[in-house]
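Pasted below: final-v8.cif, mmCIF, C-alpha atoms and all ligand atoms.
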```cif
data_data
#
loop_
_atom_site.label_atom_id
_atom_site.label_comp_id
_atom_site.auth_asym_id
_atom_site.auth_seq_id
_atom_site.Cartn_x
_atom_site.Cartn_y
_atom_site.Cartn_z
CA MET K 30 59.64 93.99 103.19
CA ILE K 31 62.56 94.99 105.41
CA ILE K 32 65.88 93.11 105.21
CA LEU K 33 68.77 93.40 107.64
CA GLY K 34 72.20 93.38 105.95
CA ILE K 35 75.37 92.29 107.77
CA GLU K 36 78.88 92.78 106.36
CA SER K 37 82.12 91.68 108.05
CA SER K 38 84.25 90.11 105.31
CA CYS K 39 87.38 92.22 105.77
CA ASP K 40 88.12 95.29 107.88
CA ASP K 41 84.75 97.13 107.89
CA THR K 42 81.88 96.09 110.14
CA ALA K 43 78.56 97.21 108.69
CA LEU K 44 74.83 96.80 109.36
CA ALA K 45 71.84 98.19 107.46
CA TRP K 46 68.06 97.99 107.18
CA LEU K 47 66.72 98.14 103.64
CA ASP K 48 63.06 98.49 102.69
CA ASN K 49 61.82 96.80 99.48
CA GLY K 50 65.37 96.42 98.19
CA GLN K 51 65.86 100.16 97.70
CA ASP K 52 65.04 102.45 100.64
CA VAL K 53 67.76 102.72 103.29
CA LEU K 54 66.10 102.92 106.73
CA GLY K 55 69.39 102.86 108.62
CA SER K 56 73.05 102.15 107.85
CA CYS K 57 76.15 102.00 110.09
CA VAL K 58 79.76 101.27 109.17
CA THR K 59 82.75 101.04 111.51
CA SER K 60 86.15 101.18 109.86
CA GLN K 61 89.15 99.41 111.41
CA ILE K 62 91.75 101.51 109.56
CA SER K 63 93.34 102.75 112.81
CA SER K 64 93.87 99.14 114.01
CA HIS K 65 95.59 98.05 110.80
CA SER K 66 97.43 101.16 109.57
CA PRO K 67 100.53 100.56 111.78
CA TYR K 68 101.02 97.29 109.84
CA GLY K 69 100.43 98.73 106.33
CA GLY K 70 97.65 96.21 105.62
CA VAL K 71 94.83 94.21 107.21
CA VAL K 72 95.89 91.81 110.02
CA PRO K 73 93.27 88.99 109.92
CA GLU K 74 93.40 88.15 113.66
CA LEU K 75 92.92 91.81 114.64
CA ALA K 76 90.10 92.21 112.12
CA ALA K 77 88.09 89.29 113.56
CA ARG K 78 88.53 90.55 117.13
CA ASP K 79 87.46 94.07 116.15
CA HIS K 80 84.30 92.75 114.44
CA LEU K 81 83.46 90.76 117.55
CA SER K 82 83.87 93.68 119.91
CA CYS K 83 81.99 96.23 117.81
CA LEU K 84 79.01 94.28 116.37
CA PRO K 85 76.65 94.44 119.41
CA ALA K 86 77.20 98.20 119.87
CA LEU K 87 76.78 98.77 116.13
CA PHE K 88 73.47 96.88 116.20
CA SER K 89 72.24 99.15 119.04
CA GLU K 90 73.34 102.18 117.01
CA LEU K 91 71.44 100.87 113.96
CA MET K 92 68.30 100.27 116.04
CA ALA K 93 68.46 103.80 117.45
CA GLN K 94 68.97 105.23 113.94
CA SER K 95 66.13 103.27 112.30
CA GLN K 96 63.66 103.86 115.12
CA ARG K 97 63.76 107.54 114.15
CA HIS K 98 62.79 106.59 110.56
CA PRO K 99 59.01 106.90 109.91
CA ASN K 100 58.92 103.78 107.67
CA PHE K 101 60.73 101.47 110.08
CA CYS K 102 58.63 98.76 111.70
CA LEU K 103 60.09 95.53 113.11
CA SER K 104 56.97 93.57 112.12
CA ARG K 105 57.95 94.12 108.44
CA TRP K 106 61.39 92.52 109.01
CA GLN K 107 61.48 89.50 106.67
CA GLY K 108 65.05 88.29 106.38
CA ILE K 109 68.73 88.52 107.33
CA ALA K 110 71.27 88.88 104.53
CA VAL K 111 74.87 88.17 105.51
CA THR K 112 78.13 88.15 103.57
CA GLN K 113 78.92 84.47 103.17
CA GLY K 114 82.20 85.02 101.30
CA PRO K 115 84.76 85.60 99.96
CA GLY K 116 86.80 87.20 102.72
CA LEU K 117 88.91 86.53 105.81
CA LEU K 118 87.62 83.42 107.55
CA GLY K 119 87.74 84.83 111.11
CA SER K 120 85.99 88.03 110.03
CA LEU K 121 83.31 86.17 108.05
CA LEU K 122 82.63 83.78 110.93
CA VAL K 123 81.93 86.63 113.36
CA GLY K 124 79.29 88.20 111.09
CA TYR K 125 77.89 84.82 110.07
CA GLU K 126 77.45 83.59 113.66
CA PHE K 127 75.85 86.92 114.62
CA ALA K 128 73.42 86.53 111.69
CA GLN K 129 72.73 82.90 112.54
CA GLY K 130 71.88 83.87 116.13
CA LEU K 131 69.44 86.51 114.90
CA ALA K 132 67.88 84.07 112.39
CA LEU K 133 67.40 81.42 115.07
CA SER K 134 65.81 83.80 117.53
CA SER K 135 63.61 85.58 114.96
CA GLN K 136 62.79 82.50 112.82
CA LEU K 137 63.51 84.57 109.71
CA PRO K 138 65.39 83.30 106.61
CA LEU K 139 69.17 83.69 106.58
CA ILE K 140 70.35 84.67 103.09
CA GLY K 141 74.00 84.09 102.15
CA VAL K 142 75.32 86.83 99.88
CA ASP K 143 78.46 86.89 97.72
CA HIS K 144 80.40 90.01 98.69
CA VAL K 145 81.89 90.63 95.25
CA LEU K 146 78.59 90.44 93.37
CA ALA K 147 76.90 92.48 96.11
CA HIS K 148 79.12 95.47 95.24
CA PHE K 149 76.92 95.99 92.14
CA HIS K 150 73.96 96.49 94.47
CA GLY K 151 75.75 99.63 95.71
CA VAL K 152 75.16 100.90 92.15
CA PHE K 153 71.55 99.67 92.03
CA VAL K 154 70.56 101.27 95.37
CA ASP K 155 72.32 104.49 94.35
CA LEU K 156 70.34 104.53 91.08
CA ALA K 157 67.09 103.82 92.98
CA MET K 158 67.79 106.83 95.22
CA GLU K 159 67.71 108.96 92.05
CA GLY K 160 64.52 107.23 90.87
CA LYS K 161 66.44 105.33 88.15
CA LYS K 162 66.58 101.65 87.19
CA PRO K 163 69.66 99.71 86.00
CA HIS K 164 69.86 98.67 82.33
CA PHE K 165 70.94 95.27 81.03
CA PRO K 166 72.94 93.66 79.51
CA ALA K 167 75.74 95.58 81.15
CA LEU K 168 79.45 95.25 81.75
CA GLY K 169 80.70 96.00 85.23
CA TYR K 170 83.88 96.16 87.27
CA VAL K 171 84.33 95.48 90.95
CA VAL K 172 87.58 97.34 91.71
CA SER K 173 88.61 97.18 95.35
CA GLY K 174 91.46 96.29 97.68
CA GLY K 175 90.77 92.59 97.19
CA HIS K 176 89.25 92.38 93.71
CA THR K 177 89.60 93.64 90.17
CA HIS K 178 86.93 91.63 88.42
CA LEU K 179 85.07 92.25 85.16
CA PHE K 180 81.49 90.97 84.87
CA ARG K 181 78.65 90.69 82.41
CA LEU K 182 75.32 91.49 84.05
CA ARG K 183 72.01 90.23 82.63
CA SER K 184 69.92 91.20 85.65
CA MET K 185 70.42 92.21 89.29
CA VAL K 186 71.20 88.60 90.26
CA ASP K 187 72.29 87.01 86.96
CA ILE K 188 75.93 88.09 86.86
CA ASP K 189 78.82 86.22 85.15
CA LEU K 190 82.52 86.72 85.75
CA ILE K 191 84.32 87.25 82.42
CA ALA K 192 87.84 88.27 83.57
CA HIS K 193 89.88 89.16 86.64
CA THR K 194 93.34 90.15 87.75
CA ILE K 195 95.79 87.29 87.58
CA ASP K 196 97.74 88.65 90.57
CA ASP K 197 97.25 91.84 92.67
CA ALA K 198 94.00 93.79 92.87
CA CYS K 199 94.02 97.40 91.63
CA GLY K 200 93.27 98.83 95.12
CA GLU K 201 95.96 96.64 96.67
CA CYS K 202 98.41 98.07 94.11
CA PHE K 203 97.35 101.64 95.09
CA ASP K 204 97.96 100.75 98.75
CA LYS K 205 101.40 99.21 98.06
CA VAL K 206 102.49 102.12 95.84
CA GLY K 207 101.18 104.48 98.53
CA GLY K 208 103.51 102.75 101.01
CA MET K 209 106.46 103.11 98.59
CA LEU K 210 105.72 106.85 98.30
CA GLY K 211 105.59 107.19 102.10
CA LEU K 212 101.80 107.70 102.26
CA PRO K 213 99.52 106.40 105.03
CA TYR K 214 97.41 103.23 104.60
CA PRO K 215 95.18 102.90 102.62
CA GLY K 216 97.11 104.66 99.88
CA GLY K 217 94.31 105.00 97.28
CA PRO K 218 92.67 108.24 98.50
CA HIS K 219 96.11 109.83 99.22
CA ILE K 220 97.37 108.97 95.73
CA GLU K 221 94.25 110.53 94.19
CA LYS K 222 94.76 113.72 96.22
CA LEU K 223 98.48 114.09 95.41
CA ALA K 224 97.87 113.25 91.74
CA THR K 225 95.77 116.40 91.37
CA SER K 226 99.06 118.38 91.73
CA GLY K 227 101.07 115.98 89.55
CA ASN K 228 101.79 115.51 85.85
CA PRO K 229 100.41 112.13 84.68
CA LEU K 230 102.88 112.08 81.77
CA ALA K 231 105.99 112.80 83.90
CA TYR K 232 106.92 109.14 84.34
CA PRO K 233 105.90 106.86 81.46
CA MET K 234 104.62 103.55 82.89
CA PRO K 235 104.58 100.13 81.21
CA GLU K 236 101.29 99.32 79.44
CA VAL K 237 100.53 96.10 81.29
CA MET K 238 98.74 93.33 79.34
CA ALA K 239 98.28 95.78 76.42
CA HIS K 240 99.38 93.32 73.73
CA LYS K 241 97.16 90.52 75.02
CA LYS K 242 93.77 89.82 73.39
CA SER K 243 92.66 88.26 76.69
CA LEU K 244 90.56 90.39 79.05
CA GLN K 245 92.55 89.26 82.11
CA LEU K 246 94.27 92.02 84.11
CA SER K 247 97.50 92.26 86.10
CA TYR K 248 98.87 94.75 88.63
CA SER K 249 101.99 93.12 90.08
CA GLY K 250 104.22 94.21 87.16
CA LEU K 251 103.16 97.85 87.52
CA LYS K 252 103.79 97.66 91.27
CA THR K 253 107.31 96.26 90.73
CA TYR K 254 108.02 98.92 88.09
CA VAL K 255 107.07 101.71 90.53
CA TYR K 256 109.11 100.05 93.30
CA ASN K 257 112.26 99.99 91.14
CA LEU K 258 111.68 103.54 89.87
CA VAL K 259 111.14 104.95 93.40
CA ASN K 260 114.36 103.29 94.61
CA LYS K 261 116.30 104.59 91.58
CA LEU K 262 114.98 108.15 92.08
CA LYS K 263 115.79 108.02 95.81
CA LEU K 264 119.45 107.22 94.99
CA ASP K 265 119.70 110.62 93.28
CA GLN K 266 118.49 112.42 96.42
CA PRO K 267 121.08 113.45 99.06
CA GLU K 268 118.67 112.64 101.93
CA GLY K 269 117.14 109.63 100.16
CA GLU K 270 113.71 111.36 100.30
CA LEU K 271 111.71 112.12 97.16
CA PRO K 272 110.79 115.81 96.64
CA HIS K 273 107.05 116.54 97.06
CA GLN K 274 106.58 117.32 93.34
CA THR K 275 108.22 114.01 92.35
CA VAL K 276 105.77 112.16 94.64
CA CYS K 277 102.83 114.02 93.04
CA ASP K 278 104.10 113.24 89.51
CA MET K 279 104.65 109.57 90.41
CA ALA K 280 101.15 109.37 91.92
CA ALA K 281 99.56 110.89 88.81
CA SER K 282 101.58 108.74 86.39
CA PHE K 283 100.88 105.52 88.28
CA GLN K 284 97.18 106.32 88.69
CA ARG K 285 96.83 107.04 84.96
CA GLU K 286 98.29 103.69 83.88
CA ALA K 287 96.41 101.75 86.60
CA PHE K 288 93.11 103.10 85.21
CA LEU K 289 94.12 102.91 81.52
CA GLN K 290 94.44 99.16 81.99
CA LEU K 291 90.83 99.06 83.25
CA THR K 292 89.46 101.07 80.32
CA ARG K 293 91.56 99.12 77.74
CA LYS K 294 90.09 95.83 78.95
CA LEU K 295 86.61 97.35 79.08
CA GLU K 296 86.92 98.36 75.41
CA GLY K 297 88.05 94.80 74.63
CA ALA K 298 84.98 93.45 76.43
CA LEU K 299 82.70 95.80 74.45
CA ILE K 300 83.96 94.17 71.24
CA GLN K 301 83.17 90.72 72.64
CA PHE K 302 79.74 91.82 73.95
CA PRO K 303 78.40 94.33 71.39
CA ASP K 304 74.86 94.24 72.85
CA THR K 305 76.07 95.97 76.03
CA VAL K 306 73.96 99.02 76.94
CA ALA K 307 75.48 100.12 80.26
CA ILE K 308 78.70 100.20 82.29
CA TYR K 309 78.69 99.95 86.09
CA VAL K 310 81.85 100.38 88.19
CA CYS K 311 81.92 99.81 91.95
CA GLY K 312 84.21 98.85 94.86
CA GLY K 313 86.45 101.15 96.93
CA VAL K 314 88.57 102.33 93.97
CA ALA K 315 85.37 103.58 92.29
CA CYS K 316 85.49 106.51 94.78
CA ASN K 317 88.23 107.94 92.56
CA GLN K 318 87.11 110.94 90.48
CA VAL K 319 89.73 110.41 87.76
CA LEU K 320 88.36 106.90 87.24
CA HIS K 321 84.84 108.44 87.09
CA GLN K 322 86.01 110.76 84.34
CA MET K 323 87.74 108.01 82.34
CA VAL K 324 84.71 105.67 82.56
CA ALA K 325 82.38 108.53 81.59
CA GLU K 326 84.54 109.37 78.53
CA LEU K 327 84.57 105.73 77.43
CA ALA K 328 80.81 105.37 77.91
CA ILE K 329 80.08 108.57 75.97
CA LYS K 330 82.41 107.44 73.15
CA HIS K 331 80.44 104.17 72.82
CA GLY K 332 76.99 105.72 73.41
CA LEU K 333 76.41 103.80 76.65
CA ILE K 334 74.76 104.56 79.99
CA TRP K 335 77.16 104.45 82.93
CA SER K 336 77.03 104.74 86.68
CA MET K 337 79.37 104.67 89.66
CA PRO K 338 77.84 104.98 93.14
CA GLN K 339 78.42 107.65 95.76
CA PRO K 340 81.52 106.85 97.94
CA SER K 341 79.54 105.37 100.88
CA LEU K 342 78.08 102.78 98.48
CA CYS K 343 81.44 102.13 96.72
CA THR K 344 83.36 101.02 99.80
CA ASP K 345 82.22 98.05 101.90
CA ASN K 346 78.75 98.57 103.37
CA ALA K 347 75.75 96.51 104.47
CA VAL K 348 73.19 98.26 102.25
CA MET K 349 74.58 96.38 99.22
CA ILE K 350 74.39 93.09 101.16
CA ALA K 351 70.75 93.72 102.14
CA SER K 352 69.84 94.67 98.55
CA MET K 353 71.42 91.55 97.04
CA GLY K 354 69.76 89.45 99.78
CA TYR K 355 66.37 91.00 99.00
CA HIS K 356 66.69 90.25 95.27
CA GLN K 357 67.91 86.70 95.99
CA LEU K 358 64.91 86.12 98.23
CA MET K 359 62.57 87.53 95.58
CA SER K 360 64.05 85.35 92.81
CA ASP K 361 64.62 82.32 95.06
CA VAL K 362 68.41 82.27 94.40
CA ASN K 363 70.52 80.87 97.27
CA GLY K 364 67.54 81.26 99.66
CA ASP K 365 67.47 80.24 103.31
CA LEU K 366 70.84 79.04 104.61
CA MET K 367 69.28 77.79 107.86
CA ALA K 368 67.26 75.28 105.81
CA ALA K 369 70.43 74.15 104.01
CA HIS K 370 72.03 72.90 107.29
CA THR K 371 75.49 72.43 105.70
CA SER K 372 76.07 76.09 104.89
CA ALA K 373 79.24 77.84 106.02
CA PRO K 374 81.25 80.93 105.08
CA TYR K 375 83.72 80.56 102.19
CA THR K 376 87.03 82.38 101.93
CA ARG K 377 87.82 82.20 98.22
CA LEU K 378 85.94 83.49 95.21
CA ARG K 379 83.46 80.84 94.08
CA LEU K 380 82.87 82.42 90.70
CA ARG K 381 84.54 81.02 87.59
CA VAL K 382 85.33 82.87 84.37
CA THR K 383 82.69 81.98 81.77
O1 LIG K 401 85.78 98.10 98.60
P1 LIG K 401 86.76 98.47 99.67
O2 LIG K 401 86.31 99.44 100.72
O3 LIG K 401 87.28 97.23 100.43
C1 LIG K 401 87.64 96.04 99.83
O4 LIG K 401 88.83 95.94 99.45
O5 LIG K 401 86.75 95.16 99.66
O6 LIG K 401 88.05 99.05 98.91
C2 LIG K 401 89.19 99.52 99.57
C3 LIG K 401 90.23 99.89 98.53
C4 LIG K 401 91.59 100.24 99.11
O7 LIG K 401 92.58 99.53 98.40
C5 LIG K 401 91.68 101.74 98.87
O8 LIG K 401 93.01 102.20 98.68
C6 LIG K 401 90.89 101.90 97.60
O9 LIG K 401 89.78 101.03 97.77
N1 LIG K 401 90.42 103.29 97.43
C7 LIG K 401 90.83 104.10 96.43
C8 LIG K 401 90.19 105.35 96.65
N2 LIG K 401 89.40 105.25 97.76
C9 LIG K 401 89.54 103.97 98.22
N3 LIG K 401 91.67 103.89 95.41
C10 LIG K 401 91.89 104.92 94.56
N4 LIG K 401 91.35 106.14 94.72
C11 LIG K 401 90.48 106.40 95.73
N5 LIG K 401 89.94 107.60 95.87
ZN ZN K 402 84.41 94.96 99.04
#
```
Using structure tokens, write down the structure that the file contains.
Amino acid sequence: MIILGIESSCDDTALAWLDNGQDVLGSCVTSQISSHSPYGGVVPELAARDHLSCLPALFSELMAQSQRHPNFCLSRWQGIAVTQGPGLLGSLLVGYEFAQGLALSSQLPLIGVDHVLAHFHGVFVDLAMEGKKPHFPALGYVVSGGHTHLFRLRSMVDIDLIAHTIDDACGECFDKVGGMLGLPYPGGPHIEKLATSGNPLAYPMPEVMAHKKSLQLSYSGLKTYVYNLVNKLKLDQPEGELPHQTVCDMAASFQREAFLQLTRKLEGALIQFPDTVAIYVCGGVACNQVLHQMVAELAIKHGLIWSMPQPSLCTDNAVMIASMGYHQLMSDVNGDLMAAHTSAPYTRLRLRVT
């Protein structure tokens, strides 16, 4: 069974064909970073227009790519999985209307997928590529530019939200701190690179939410702390520019505390859910190798299995959407949107902390 995945919730346009929920027959992603970087963040109006202009060409590119794949056959196409939300309304509408048009013309089911939950399918497809299966019950983070959410997973589609950031997302904080340090947007990968030459203990950072028993997270306080520190350090510089080594030390110190908060809360969740057997971390920030190392250390300490996908399956992609759509179709969860008549994209997270 081949499923087409369509992703357009934010600033990446992506399409993919997935066979039997695990074999990638074709995958294309177009990033809009160059459109948004002059503004230091995603401009919703520009994002929607970019999706609209690039989707038809991307579909042709996907067709060309998959036609070269020996297992691709249009007669085995059985459904269209599309990101239904959360995301930017204009961006979601472009992908959703494109999917609806394809569903109408092909008479195939249209499957609405939650973008945040779908990130875990980046992990599941990555495991399948290595011939491995996920283990449950698991704890998992989605850590991206828009989300820092902690989940309990009982199966590939039975996933409960147990905590989330009460303000900024971790990736958003990386991007804002990157801006403060004079780095290009998005700041996350640049901070990781500079941090390799920095001392993570050079600038002690506040341990955010450390005293709280609650699993909720917060990144706005850490962001403000770095903002004030950068401004204070700049005052001591004759040109008002931070020396390169100071920037590296700041990057390493900030990165350390940003990730320590994630592992602290994960340890708290392990106490609440002692039957946990695996840890899965995904979303754009999961590209970070220091985070890989910290999650691995925590998992080894607690005798757990862990996995974080390869970078192309961490950041936004359509393979994860197609995989989640396939498993929804198989388990009859949120099936055909065309039959529901009243369906529409949603902008805000629908999940509630359980
Ligand atoms: O999942 P994603 O592609 O898009 C959404 O936000 O949904 O994640 C993008 C975020 C950005 O905030 C970016 O700075 C962050 O992921 N990111 C990283 C790294 N690579 C991407 N953050 C830290 N270290 C990285 N290596
Ligand atoms: Zn995402």
For K:Asn257, find every residue with an atom within 12 Å (counting all atoms listed in the file), except residues of its own chain fewer than 4 positions away, and show them as a compact mmCIF listing (two decimals) with C-alpha atoms, keeping the file's coordinate frame.
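Full text of around22.txt as output:
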```
# COMPACT_ATOMS: atom_id res chain seq x y z
CA VAL K 206 102.49 102.12 95.84
CA MET K 209 106.46 103.11 98.59
CA LEU K 210 105.72 106.85 98.30
CA MET K 234 104.62 103.55 82.89
CA GLY K 250 104.22 94.21 87.16
CA LEU K 251 103.16 97.85 87.52
CA LYS K 252 103.79 97.66 91.27
CA THR K 253 107.31 96.26 90.73
CA LYS K 261 116.30 104.59 91.58
CA LEU K 262 114.98 108.15 92.08
CA LYS K 263 115.79 108.02 95.81
CA LEU K 264 119.45 107.22 94.99
```
Test item: residues no farther than 8 Å from ligand LIG 401 (chain K), counting only C-alpha atoms and all ligand atoms, as a ChimeraX atom specification: /K:38-41,145,148,172-176,199-204,214-222,311-318,343-345
Point (88.8, 91.2, 115.3), cut-off 12 Å, counting all atoms listed in the file, residues as a ChimeraX atom specification: /K:37-42,60-61,64-65,71-84,117-124
Close residues, K:Val154 itself excluded, 12 Å, all atoms listed in the file, min 5 positions apart in chain, as a count of residues only: 34
Residue with smallest distance to K:Thr376 - pool K:Gly55, K:Gly69, K:Gly297, K:Gly114, counting only C-alpha atoms: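 Looking at the shortest contact to K:Thr376, the residue is K:Gly114.
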Straight-line distance linking atom CA of K:Ala45 with atom CA of K:Leu156, stated in Å to one decimal: 17.6 Å
Nearest candidate to K:Ala167 (options K:Ala328, K:Cys57, K:Ala231, K:Ile195; using all atoms listed in the file): K:Ala328
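The coordinates place atom CA of K:Val324 at 13.2 Å from atom CA of K:Val171.
From atom CA of K:Met30 back to atom CA of K:Asp155, the distance works out to 18.7 Å.
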